[in-house]
$ cat work39.cif   # mmCIF, C-alpha atoms and all ligand atoms
data_upload
loop_
_atom_site.group_PDB
_atom_site.id
_atom_site.type_symbol
_atom_site.label_atom_id
_atom_site.label_comp_id
_atom_site.auth_asym_id
_atom_site.auth_seq_id
_atom_site.Cartn_x
_atom_site.Cartn_y
_atom_site.Cartn_z
ATOM 1 C CA MET J 9 0.000 0.000 0.000
ATOM 2 C CA GLN J 10 1.271 3.455 -0.887
ATOM 3 C CA VAL J 11 0.769 6.551 1.246
ATOM 4 C CA THR J 12 0.385 9.725 -0.812
ATOM 5 C CA LYS J 13 0.460 13.242 0.549
ATOM 6 C CA THR J 14 0.163 15.413 -2.533
ATOM 7 C CA VAL J 15 -2.368 15.745 -5.327
ATOM 8 C CA LYS J 16 0.372 15.264 -7.933
ATOM 9 C CA GLU J 17 1.748 11.958 -6.612
ATOM 10 C CA THR J 18 -1.798 10.616 -6.222
ATOM 11 C CA ARG J 19 -2.699 11.622 -9.799
ATOM 12 C CA ASP J 20 0.521 10.099 -11.214
ATOM 13 C CA LEU J 21 -0.211 6.728 -9.588
ATOM 14 C CA ILE J 22 -3.829 6.719 -10.769
ATOM 15 C CA LYS J 23 -2.893 7.694 -14.336
ATOM 16 C CA ASN J 24 -0.613 4.657 -14.597
ATOM 17 C CA TRP J 25 -3.323 2.320 -13.328
ATOM 18 C CA LYS J 26 -5.900 3.832 -15.671
ATOM 19 C CA ARG J 27 -3.542 3.350 -18.616
ATOM 20 C CA GLU J 28 -3.479 -0.361 -17.702
ATOM 21 C CA GLY J 29 -7.296 -0.364 -17.852
ATOM 22 C CA LYS J 30 -7.769 -0.854 -14.089
ATOM 23 C CA THR J 31 -10.964 0.213 -12.343
ATOM 24 C CA ILE J 32 -10.611 2.619 -9.420
ATOM 25 C CA GLY J 33 -12.745 2.704 -6.259
ATOM 26 C CA LEU J 34 -12.632 5.597 -3.769
ATOM 27 C CA VAL J 35 -13.612 5.624 -0.093
ATOM 28 C CA PRO J 36 -13.593 9.212 1.241
ATOM 29 C CA THR J 37 -13.075 9.420 5.030
ATOM 30 C CA MET J 38 -11.978 11.828 7.733
ATOM 31 C CA GLY J 39 -9.858 9.106 9.355
ATOM 32 C CA PHE J 40 -9.965 7.629 12.863
ATOM 33 C CA LEU J 41 -11.299 4.596 11.071
ATOM 34 C CA HIS J 42 -13.685 2.071 12.606
ATOM 35 C CA GLU J 43 -15.714 -0.876 11.365
ATOM 36 C CA GLY J 44 -18.159 1.438 9.569
ATOM 37 C CA HIS J 45 -15.324 2.720 7.379
ATOM 38 C CA ALA J 46 -13.923 -0.818 7.104
ATOM 39 C CA SER J 47 -17.210 -2.054 5.624
ATOM 40 C CA LEU J 48 -16.930 0.564 2.849
ATOM 41 C CA ILE J 49 -13.296 -0.341 2.153
ATOM 42 C CA LYS J 50 -14.141 -4.081 2.021
ATOM 43 C CA ARG J 51 -16.974 -3.480 -0.458
ATOM 44 C CA CYS J 52 -14.699 -1.250 -2.529
ATOM 45 C CA ARG J 53 -12.030 -4.000 -2.486
ATOM 46 C CA GLU J 54 -14.543 -6.538 -3.823
ATOM 47 C CA GLU J 55 -15.734 -4.350 -6.694
ATOM 48 C CA ASN J 56 -12.598 -2.596 -8.024
ATOM 49 C CA ASP J 57 -9.042 -3.354 -9.173
ATOM 50 C CA ILE J 58 -7.620 -0.432 -7.208
ATOM 51 C CA VAL J 59 -8.814 0.831 -3.813
ATOM 52 C CA VAL J 60 -8.048 4.412 -2.790
ATOM 53 C CA VAL J 61 -8.943 5.586 0.728
ATOM 54 C CA SER J 62 -8.743 9.309 1.430
ATOM 55 C CA ASP J 63 -7.988 10.234 5.041
ATOM 56 C CA PHE J 64 -8.482 13.969 5.488
ATOM 57 C CA VAL J 65 -10.178 15.986 8.223
ATOM 58 C CA ASN J 66 -11.751 18.514 5.888
ATOM 59 C CA PRO J 67 -11.692 21.975 7.514
ATOM 60 C CA THR J 68 -14.301 23.509 5.173
ATOM 61 C CA GLN J 69 -17.096 21.293 6.502
ATOM 62 C CA PHE J 70 -16.676 22.433 10.124
ATOM 63 C CA GLY J 71 -18.414 25.572 11.405
ATOM 64 C CA PRO J 72 -16.432 28.103 13.480
ATOM 65 C CA THR J 73 -17.692 26.699 16.800
ATOM 66 C CA GLU J 74 -17.392 23.011 15.848
ATOM 67 C CA ASP J 75 -14.841 20.347 16.753
ATOM 68 C CA LEU J 76 -12.238 20.685 13.956
ATOM 69 C CA GLU J 77 -9.259 20.854 16.335
ATOM 70 C CA ALA J 78 -10.615 18.211 18.718
ATOM 71 C CA TYR J 79 -11.627 15.769 15.947
ATOM 72 C CA PRO J 80 -9.834 12.472 16.737
ATOM 73 C CA ARG J 81 -6.881 11.537 14.535
ATOM 74 C CA ASP J 82 -4.619 8.448 14.416
ATOM 75 C CA PHE J 83 -3.038 8.123 11.009
ATOM 76 C CA LYS J 84 -0.725 5.246 11.982
ATOM 77 C CA ARG J 85 -3.660 3.095 13.068
ATOM 78 C CA ASP J 86 -5.675 4.150 10.000
ATOM 79 C CA SER J 87 -2.913 3.181 7.584
ATOM 80 C CA GLU J 88 -2.423 -0.193 9.301
ATOM 81 C CA LEU J 89 -6.147 -0.908 8.997
ATOM 82 C CA CYS J 90 -6.245 0.150 5.331
ATOM 83 C CA GLU J 91 -3.250 -2.046 4.566
ATOM 84 C CA SER J 92 -4.852 -5.042 6.314
ATOM 85 C CA LEU J 93 -8.012 -4.520 4.240
ATOM 86 C CA GLY J 94 -6.029 -4.568 0.999
ATOM 87 C CA ALA J 95 -6.211 -0.874 0.065
ATOM 88 C CA ASP J 96 -3.713 0.206 -2.605
ATOM 89 C CA VAL J 97 -3.419 3.874 -1.675
ATOM 90 C CA ILE J 98 -4.193 6.010 1.329
ATOM 91 C CA PHE J 99 -4.305 9.681 0.342
ATOM 92 C CA HIS J 100 -3.495 11.836 3.365
ATOM 93 C CA PRO J 101 -3.048 15.459 2.305
ATOM 94 C CA GLU J 102 -2.385 18.540 4.425
ATOM 95 C CA PRO J 103 -5.122 21.216 4.397
ATOM 96 C CA LYS J 104 -2.673 23.681 2.802
ATOM 97 C CA ASP J 105 -2.224 21.311 -0.157
ATOM 98 C CA MET J 106 -5.988 20.947 -0.664
ATOM 99 C CA TYR J 107 -7.071 24.578 -0.289
ATOM 100 C CA HIS J 108 -5.530 27.809 -1.497
ATOM 101 C CA ASP J 109 -7.571 30.788 -0.328
ATOM 102 C CA PRO J 110 -9.689 32.158 -1.837
ATOM 103 C CA HIS J 111 -11.029 29.012 -3.494
ATOM 104 C CA ALA J 112 -14.144 27.810 -5.285
ATOM 105 C CA PHE J 113 -16.968 25.994 -3.500
ATOM 106 C CA VAL J 114 -19.554 23.514 -4.725
ATOM 107 C CA SER J 115 -22.998 23.517 -3.131
ATOM 108 C CA ILE J 116 -26.343 21.831 -3.655
ATOM 109 C CA ASP J 117 -28.740 24.225 -1.980
ATOM 110 C CA THR J 118 -32.219 22.773 -1.392
ATOM 111 C CA LEU J 119 -31.125 19.364 -0.106
ATOM 112 C CA SER J 120 -28.542 21.023 2.147
ATOM 113 C CA ASP J 121 -30.970 23.374 3.884
ATOM 114 C CA THR J 122 -32.902 20.783 5.916
ATOM 115 C CA LEU J 123 -32.008 18.311 8.738
ATOM 116 C CA CYS J 124 -28.287 18.685 9.613
ATOM 117 C CA GLY J 125 -28.007 21.665 7.245
ATOM 118 C CA LYS J 126 -30.168 23.768 9.571
ATOM 119 C CA THR J 127 -27.796 23.425 12.515
ATOM 120 C CA ARG J 128 -24.658 23.178 10.369
ATOM 121 C CA PRO J 129 -25.264 25.770 7.612
ATOM 122 C CA ILE J 130 -21.872 25.491 5.849
ATOM 123 C CA HIS J 131 -21.376 21.765 6.395
ATOM 124 C CA PHE J 132 -22.647 20.324 3.120
ATOM 125 C CA LYS J 133 -21.002 23.059 1.064
ATOM 126 C CA GLY J 134 -17.694 21.896 2.562
ATOM 127 C CA VAL J 135 -18.581 18.239 1.951
ATOM 128 C CA CYS J 136 -19.570 18.828 -1.699
ATOM 129 C CA THR J 137 -16.404 20.855 -2.263
ATOM 130 C CA VAL J 138 -14.009 18.299 -0.819
ATOM 131 C CA VAL J 139 -15.779 15.344 -2.457
ATOM 132 C CA SER J 140 -15.696 17.125 -5.852
ATOM 133 C CA LYS J 141 -11.984 17.738 -5.400
ATOM 134 C CA LEU J 142 -11.397 14.096 -4.449
ATOM 135 C CA PHE J 143 -13.425 12.968 -7.472
ATOM 136 C CA ASN J 144 -11.276 15.159 -9.735
ATOM 137 C CA ILE J 145 -8.019 14.006 -8.142
ATOM 138 C CA VAL J 146 -8.771 10.268 -7.981
ATOM 139 C CA THR J 147 -11.174 10.016 -10.982
ATOM 140 C CA PRO J 148 -12.802 6.880 -9.518
ATOM 141 C CA ASP J 149 -15.221 4.599 -11.360
ATOM 142 C CA ARG J 150 -17.074 4.049 -8.069
ATOM 143 C CA ALA J 151 -17.185 5.905 -4.743
ATOM 144 C CA TYR J 152 -18.459 4.455 -1.464
ATOM 145 C CA PHE J 153 -20.496 6.315 1.182
ATOM 146 C CA GLY J 154 -22.314 5.162 4.323
ATOM 147 C CA GLN J 155 -26.082 5.386 4.922
ATOM 148 C CA LYS J 156 -25.067 6.563 8.389
ATOM 149 C CA ASP J 157 -24.733 10.013 6.809
ATOM 150 C CA ALA J 158 -27.934 9.628 4.790
ATOM 151 C CA GLN J 159 -28.387 13.301 3.929
ATOM 152 C CA GLN J 160 -24.769 13.471 2.771
ATOM 153 C CA LEU J 161 -25.338 10.420 0.561
ATOM 154 C CA ALA J 162 -28.471 11.967 -1.003
ATOM 155 C CA ILE J 163 -26.608 15.238 -1.618
ATOM 156 C CA ILE J 164 -23.636 13.462 -3.215
ATOM 157 C CA ARG J 165 -25.977 11.496 -5.508
ATOM 158 C CA LYS J 166 -27.661 14.745 -6.566
ATOM 159 C CA MET J 167 -24.308 16.469 -7.065
ATOM 160 C CA VAL J 168 -23.047 13.633 -9.255
ATOM 161 C CA GLN J 169 -26.208 13.816 -11.342
ATOM 162 C CA ASP J 170 -26.300 17.627 -11.589
ATOM 163 C CA LEU J 171 -22.594 18.074 -12.376
ATOM 164 C CA ASN J 172 -22.312 14.994 -14.642
ATOM 165 C CA PHE J 173 -19.588 13.220 -12.699
ATOM 166 C CA ASP J 174 -19.141 9.868 -14.452
ATOM 167 C CA ILE J 175 -18.958 8.006 -11.132
ATOM 168 C CA GLN J 176 -21.177 5.319 -9.620
ATOM 169 C CA ILE J 177 -22.140 6.166 -6.039
ATOM 170 C CA VAL J 178 -22.475 3.100 -3.816
ATOM 171 C CA GLY J 179 -24.427 3.483 -0.547
ATOM 172 C CA CYS J 180 -23.457 1.050 2.238
ATOM 173 C CA PRO J 181 -25.524 0.053 5.326
ATOM 174 C CA ILE J 182 -25.007 1.492 8.822
ATOM 175 C CA ILE J 183 -22.629 -0.564 10.948
ATOM 176 C CA ARG J 184 -23.554 -0.605 14.633
ATOM 177 C CA GLU J 185 -21.995 -1.633 17.945
ATOM 178 C CA GLU J 186 -23.457 -4.828 19.412
ATOM 179 C CA ASP J 187 -25.811 -2.809 21.603
ATOM 180 C CA GLY J 188 -27.121 -0.818 18.624
ATOM 181 C CA LEU J 189 -25.161 2.462 18.757
ATOM 182 C CA ALA J 190 -24.150 3.484 15.217
ATOM 183 C CA LYS J 191 -20.341 3.446 14.946
ATOM 184 C CA SER J 192 -18.870 6.919 14.715
ATOM 185 C CA SER J 193 -15.463 8.510 15.207
ATOM 186 C CA ARG J 194 -17.256 10.954 17.538
ATOM 187 C CA ASN J 195 -18.344 8.135 19.923
ATOM 188 C CA THR J 196 -14.889 8.476 21.420
ATOM 189 C CA TYR J 197 -15.979 11.819 22.970
ATOM 190 C CA LEU J 198 -18.594 10.050 25.154
ATOM 191 C CA SER J 199 -18.047 9.377 28.871
ATOM 192 C CA GLU J 200 -19.182 5.999 30.223
ATOM 193 C CA GLU J 201 -22.480 7.492 31.351
ATOM 194 C CA GLU J 202 -23.025 9.295 28.036
ATOM 195 C CA ARG J 203 -22.212 6.133 26.105
ATOM 196 C CA LYS J 204 -25.131 4.406 27.866
ATOM 197 C CA ALA J 205 -27.401 7.411 27.288
ATOM 198 C CA ALA J 206 -26.508 7.412 23.569
ATOM 199 C CA LEU J 207 -28.446 4.162 23.148
ATOM 200 C CA CYS J 208 -31.638 6.235 23.077
ATOM 201 C CA LEU J 209 -30.883 7.016 19.411
ATOM 202 C CA SER J 210 -30.868 3.403 18.222
ATOM 203 C CA ARG J 211 -33.820 2.605 20.512
ATOM 204 C CA ALA J 212 -35.773 5.397 18.813
ATOM 205 C CA VAL J 213 -34.735 4.075 15.381
ATOM 206 C CA LYS J 214 -36.012 0.582 16.245
ATOM 207 C CA ALA J 215 -39.309 1.889 17.611
ATOM 208 C CA GLY J 216 -39.762 4.131 14.570
ATOM 209 C CA GLN J 217 -39.089 1.250 12.174
ATOM 210 C CA ASN J 218 -41.646 -0.945 13.943
ATOM 211 C CA MET J 219 -44.306 1.739 13.859
ATOM 212 C CA ILE J 220 -43.806 2.693 10.234
ATOM 213 C CA CYS J 221 -43.938 -0.965 9.187
ATOM 214 C CA LYS J 222 -47.279 -1.269 10.976
ATOM 215 C CA GLY J 223 -48.635 1.712 9.003
ATOM 216 C CA SER J 224 -48.490 4.476 11.642
ATOM 217 C CA LYS J 225 -48.681 8.096 10.466
ATOM 218 C CA ALA J 226 -45.526 10.237 10.276
ATOM 219 C CA GLU J 227 -46.444 12.382 13.294
ATOM 220 C CA GLU J 228 -47.195 9.306 15.453
ATOM 221 C CA VAL J 229 -43.845 7.776 14.528
ATOM 222 C CA LEU J 230 -41.937 10.986 15.240
ATOM 223 C CA THR J 231 -43.777 11.605 18.531
ATOM 224 C CA LYS J 232 -42.879 8.140 19.795
ATOM 225 C CA MET J 233 -39.254 8.546 18.749
ATOM 226 C CA ARG J 234 -39.021 11.949 20.457
ATOM 227 C CA GLU J 235 -40.561 10.513 23.653
ATOM 228 C CA ILE J 236 -37.899 7.796 23.789
ATOM 229 C CA ILE J 237 -35.101 10.333 23.408
ATOM 230 C CA GLU J 238 -36.616 12.877 25.799
ATOM 231 C CA ALA J 239 -36.850 10.186 28.499
ATOM 232 C CA GLU J 240 -33.038 10.205 28.597
ATOM 233 C CA PRO J 241 -31.855 13.103 30.829
ATOM 234 C CA LEU J 242 -28.469 13.497 29.079
ATOM 235 C CA ALA J 243 -30.040 13.755 25.617
ATOM 236 C CA LYS J 244 -31.156 16.940 23.870
ATOM 237 C CA ILE J 245 -32.869 16.704 20.489
ATOM 238 C CA ASP J 246 -31.539 18.797 17.612
ATOM 239 C CA TYR J 247 -34.098 17.307 15.216
ATOM 240 C CA VAL J 248 -36.113 14.134 14.621
ATOM 241 C CA SER J 249 -37.680 14.372 11.146
ATOM 242 C CA MET J 250 -39.245 12.403 8.353
ATOM 243 C CA VAL J 251 -38.314 13.595 4.851
ATOM 244 C CA ASP J 252 -38.711 12.524 1.247
ATOM 245 C CA ALA J 253 -35.735 10.233 0.511
ATOM 246 C CA LEU J 254 -34.796 12.172 -2.636
ATOM 247 C CA ASP J 255 -35.374 15.873 -1.949
ATOM 248 C CA MET J 256 -34.998 15.850 1.869
ATOM 249 C CA GLN J 257 -38.187 17.905 2.372
ATOM 250 C CA SER J 258 -40.588 17.080 5.246
ATOM 251 C CA VAL J 259 -43.393 14.613 4.604
ATOM 252 C CA GLU J 260 -46.532 14.042 6.642
ATOM 253 C CA ILE J 261 -47.878 10.980 4.871
ATOM 254 C CA VAL J 262 -45.740 7.957 4.085
ATOM 255 C CA GLU J 263 -46.572 7.460 0.422
ATOM 256 C CA LYS J 264 -43.077 7.609 -1.130
ATOM 257 C CA ASP J 265 -39.680 6.367 0.046
ATOM 258 C CA VAL J 266 -38.751 8.292 3.183
ATOM 259 C CA LEU J 267 -35.772 8.936 5.396
ATOM 260 C CA VAL J 268 -36.366 9.202 9.135
ATOM 261 C CA ALA J 269 -33.352 10.993 10.547
ATOM 262 C CA MET J 270 -32.259 12.505 13.839
ATOM 263 C CA ALA J 271 -29.469 14.475 15.440
ATOM 264 C CA VAL J 272 -29.231 14.381 19.215
ATOM 265 C CA TYR J 273 -26.771 15.992 21.626
ATOM 266 C CA ILE J 274 -25.536 13.603 24.279
ATOM 267 C CA GLY J 275 -23.825 16.048 26.617
ATOM 268 C CA LYS J 276 -21.753 18.137 24.190
ATOM 269 C CA THR J 277 -21.473 15.424 21.531
ATOM 270 C CA ARG J 278 -23.821 15.638 18.560
ATOM 271 C CA LEU J 279 -24.735 12.179 17.256
ATOM 272 C CA ILE J 280 -26.815 11.236 14.213
ATOM 273 C CA ASP J 281 -28.784 8.124 13.274
ATOM 274 C CA ASN J 282 -31.498 7.257 10.773
ATOM 275 C CA PHE J 283 -33.442 4.637 8.907
ATOM 276 C CA SER J 284 -34.940 4.512 5.442
ATOM 277 C CA TYR J 285 -38.353 3.140 4.591
ATOM 278 C CA GLU J 286 -39.233 2.090 1.075
ATOM 279 C CA VAL J 287 -42.886 2.126 0.070
HETATM 280 P P1 LIG Q 1 -16.379 10.106 8.129
HETATM 281 O O1 LIG Q 1 -14.966 9.661 8.342
HETATM 282 O O2 LIG Q 1 -17.181 10.196 9.389
HETATM 283 O O3 LIG Q 1 -16.481 11.331 7.255
HETATM 284 O O4 LIG Q 1 -17.081 8.927 7.315
HETATM 285 C C1 LIG Q 1 -16.546 8.482 6.088
HETATM 286 C C2 LIG Q 1 -17.550 7.573 5.451
HETATM 287 O O5 LIG Q 1 -17.804 6.458 6.302
HETATM 288 C C3 LIG Q 1 -18.905 8.248 5.184
HETATM 289 O O6 LIG Q 1 -19.404 7.838 3.922
HETATM 290 C C4 LIG Q 1 -19.751 7.719 6.319
HETATM 291 O O7 LIG Q 1 -21.134 7.694 6.015
HETATM 292 C C5 LIG Q 1 -19.204 6.319 6.479
HETATM 293 N N1 LIG Q 1 -19.516 5.808 7.818
HETATM 294 C C6 LIG Q 1 -19.227 6.397 9.000
HETATM 295 N N2 LIG Q 1 -19.738 5.680 10.026
HETATM 296 C C7 LIG Q 1 -20.380 4.624 9.462
HETATM 297 C C8 LIG Q 1 -21.115 3.526 9.986
HETATM 298 N N3 LIG Q 1 -21.319 3.364 11.296
HETATM 299 N N4 LIG Q 1 -21.637 2.619 9.120
HETATM 300 C C9 LIG Q 1 -21.450 2.786 7.787
HETATM 301 N N5 LIG Q 1 -20.757 3.797 7.224
HETATM 302 C C10 LIG Q 1 -20.234 4.705 8.052
#
$ encode --input "work39.cif" --output "structure tokens"
Amino acid sequence: MQVTKTVKETRDLIKNWKREGKTIGLVPTMGFLHEGHASLIKRCREENDIVVVSDFVNPTQFGPTEDLEAYPRDFKRDSELCESLGADVIFHPEPKDMYHDPHAFVSIDTLSDTLCGKTRPIHFKGVCTVVSKLFNIVTPDRAYFGQKDAQQLAIIRKMVQDLNFDIQIVGCPIIREEDGLAKSSRNTYLSEEERKAALCLSRAVKAGQNMICKGSKAEEVLTKMREIIEAEPLAKIDYVSMVDALDMQSVEIVEKDVLVAMAVYIGKTRLIDNFSYEV
């Protein structure tokens, strides 16, 4: 496995592989890898000749009061994991090599204004910008994203369609801890007590899934989910919403595919979880 730091060395490697007719898969990450990331890398390994993992804490997707500095990092452990999973390249650039101020941004407005976009107004603009840059640097045939960040996945699909990126976007299921908590690099912020409290998210997901399968109305589902979370003293709801799976706008009646998504503060840590329901 090769570790690349610059855009040029990454491009040179990829060009050679492309000349040989090899297919390229990309897994964009912010590092501090866990089994959620590993599931994307494994799928990418199965479906492509070359696997590129990007490991970059992207500053443009963090708001001024968010956890950019505190975000956990362990590149040595990440590169060992990528190597053990058979990745060919781990691209680990410095922010100064990715961004030269002032620089262009990419944004997909309507889908980015709801759910997490309300609390994190610049977040998806930063995500679309860095993912576009990675797509242009790596020129993958396929790129792998987790359903864990369902709004991000919907936005990336729309971006690829709108901007004619010739890339197949592969969505991968949420990987959870045994007790149900969705794996996240941010789980490391939780104290023992908060870690227990955080289970209210996956409990709400399960209850919501059961109710929607039995034909309950959107408001009944959301009320039940909110009750479960509000019963946990350490939890504070940012949002619990049901939206159209494609345009991310609120729905009241479940007649098309929907996404039921939530963001909840456990102490100071903001966690997200969701489930999709196909009609
Ligand atoms: P991040 O490093 O948090 O930016 O995540 C990189 C990619 O891994 C994104 O596509 C995430 O959706 C995906 N991912 C993160 N956590 C999980 C998880 N628990 N299950 C599946 N995919 C995940």
$ residues_near_ligand --input "work39.cif" --ligand "ligand LIG 1 (chain Q)" --cutoff "6 Å" --atoms "only C-alpha atoms and all ligand atoms" --output "PyMOL selection string"
chain J and resi 36-39+44-45+153-157+181-184+190-192
$ closest_residue --input "work39.cif" --among "J:Thr137, J:Ser47, J:Ser249, J:Asn66" --to "Leu93 in chain J" --atoms "all atoms listed in the file"
J:Ser47
$ closest_residue --input "work39.cif" --among "J:Arg27, J:Leu48, J:Lys276, J:Glu54" --to "Ser199 in chain J" --atoms "only C-alpha atoms"
J:Lys276
$ resolve_selection --input "work39.cif" --expression "the PyMOL selection byres (((chain J and resi 267) around 7) and not hetatm)" --output "list in words"
Met250, Val251, Asp252, Ala253, Val266, Val268, Ala269, Phe283, Ser284 and Tyr285 of chain J
$ closest_residue --input "work39.cif" --among "J:Thr31, J:Gln159, J:Gln176, J:Gln69" --to "Ser120 in chain J" --atoms "only C-alpha atoms"
J:Gln159
$ closest_residue --input "work39.cif" --among "J:Phe99, J:Trp25, J:Phe113, J:Tyr247" --to "Ile145 in chain J" --atoms "all atoms listed in the file"
J:Phe99
$ closest_residue --input "work39.cif" --among "J:Glu286, J:Glu28, J:Asp281, J:Glu102" --to "Asp265 in chain J" --atoms "only C-alpha atoms"
J:Glu286
$ closest_residue --input "work39.cif" --among "J:Glu263, J:Glu43, J:Asp86, J:Asp149" --to "Ser224 in chain J" --atoms "all atoms listed in the file"
J:Glu263
$ build_atoms --input "work39.cif" --residues "range 195-207 of chain J" --atoms "N, CA, C and O atoms" --output "mmCIF file, keeping the file's coordinate frame"
data_model
loop_
_atom_site.group_PDB
_atom_site.id
_atom_site.type_symbol
_atom_site.label_atom_id
_atom_site.label_comp_id
_atom_site.auth_asym_id
_atom_site.auth_seq_id
_atom_site.Cartn_x
_atom_site.Cartn_y
_atom_site.Cartn_z
ATOM 1 N N ASN J 195 -17.965 8.890 18.715
ATOM 2 C CA ASN J 195 -18.344 8.135 19.923
ATOM 3 C C ASN J 195 -17.232 8.190 20.968
ATOM 4 O O ASN J 195 -17.475 8.020 22.156
ATOM 5 N N THR J 196 -16.021 8.425 20.511
ATOM 6 C CA THR J 196 -14.889 8.476 21.420
ATOM 7 C C THR J 196 -14.980 9.659 22.402
ATOM 8 O O THR J 196 -14.336 9.681 23.441
ATOM 9 N N TYR J 197 -15.788 10.676 22.057
ATOM 10 C CA TYR J 197 -15.979 11.819 22.970
ATOM 11 C C TYR J 197 -16.826 11.452 24.193
ATOM 12 O O TYR J 197 -16.853 12.199 25.166
ATOM 13 N N LEU J 198 -17.581 10.338 24.122
ATOM 14 C CA LEU J 198 -18.594 10.050 25.154
ATOM 15 C C LEU J 198 -17.975 9.486 26.429
ATOM 16 O O LEU J 198 -17.114 8.594 26.369
ATOM 17 N N SER J 199 -18.435 9.993 27.592
ATOM 18 C CA SER J 199 -18.047 9.377 28.871
ATOM 19 C C SER J 199 -18.835 8.067 29.000
ATOM 20 O O SER J 199 -19.743 7.802 28.202
ATOM 21 N N GLU J 200 -18.501 7.296 30.034
ATOM 22 C CA GLU J 200 -19.182 5.999 30.223
ATOM 23 C C GLU J 200 -20.705 6.190 30.346
ATOM 24 O O GLU J 200 -21.494 5.475 29.738
ATOM 25 N N GLU J 201 -21.063 7.217 31.111
ATOM 26 C CA GLU J 201 -22.480 7.492 31.351
ATOM 27 C C GLU J 201 -23.170 7.950 30.059
ATOM 28 O O GLU J 201 -24.290 7.541 29.738
ATOM 29 N N GLU J 202 -22.468 8.804 29.301
ATOM 30 C CA GLU J 202 -23.025 9.295 28.036
ATOM 31 C C GLU J 202 -23.152 8.173 27.007
ATOM 32 O O GLU J 202 -24.093 8.136 26.220
ATOM 33 N N ARG J 203 -22.186 7.262 27.043
ATOM 34 C CA ARG J 203 -22.212 6.133 26.105
ATOM 35 C C ARG J 203 -23.499 5.311 26.296
ATOM 36 O O ARG J 203 -24.109 4.868 25.313
ATOM 37 N N LYS J 204 -23.885 5.138 27.578
ATOM 38 C CA LYS J 204 -25.131 4.406 27.866
ATOM 39 C C LYS J 204 -26.327 5.220 27.385
ATOM 40 O O LYS J 204 -27.256 4.710 26.780
ATOM 41 N N ALA J 205 -26.285 6.527 27.670
ATOM 42 C CA ALA J 205 -27.401 7.411 27.288
ATOM 43 C C ALA J 205 -27.586 7.441 25.765
ATOM 44 O O ALA J 205 -28.707 7.567 25.267
ATOM 45 N N ALA J 206 -26.469 7.310 25.042
ATOM 46 C CA ALA J 206 -26.508 7.412 23.569
ATOM 47 C C ALA J 206 -27.345 6.309 22.925
ATOM 48 O O ALA J 206 -27.731 6.414 21.762
ATOM 49 N N LEU J 207 -27.628 5.259 23.701
ATOM 50 C CA LEU J 207 -28.446 4.162 23.148
ATOM 51 C C LEU J 207 -29.882 4.590 22.854
ATOM 52 O O LEU J 207 -30.613 3.892 22.161
#
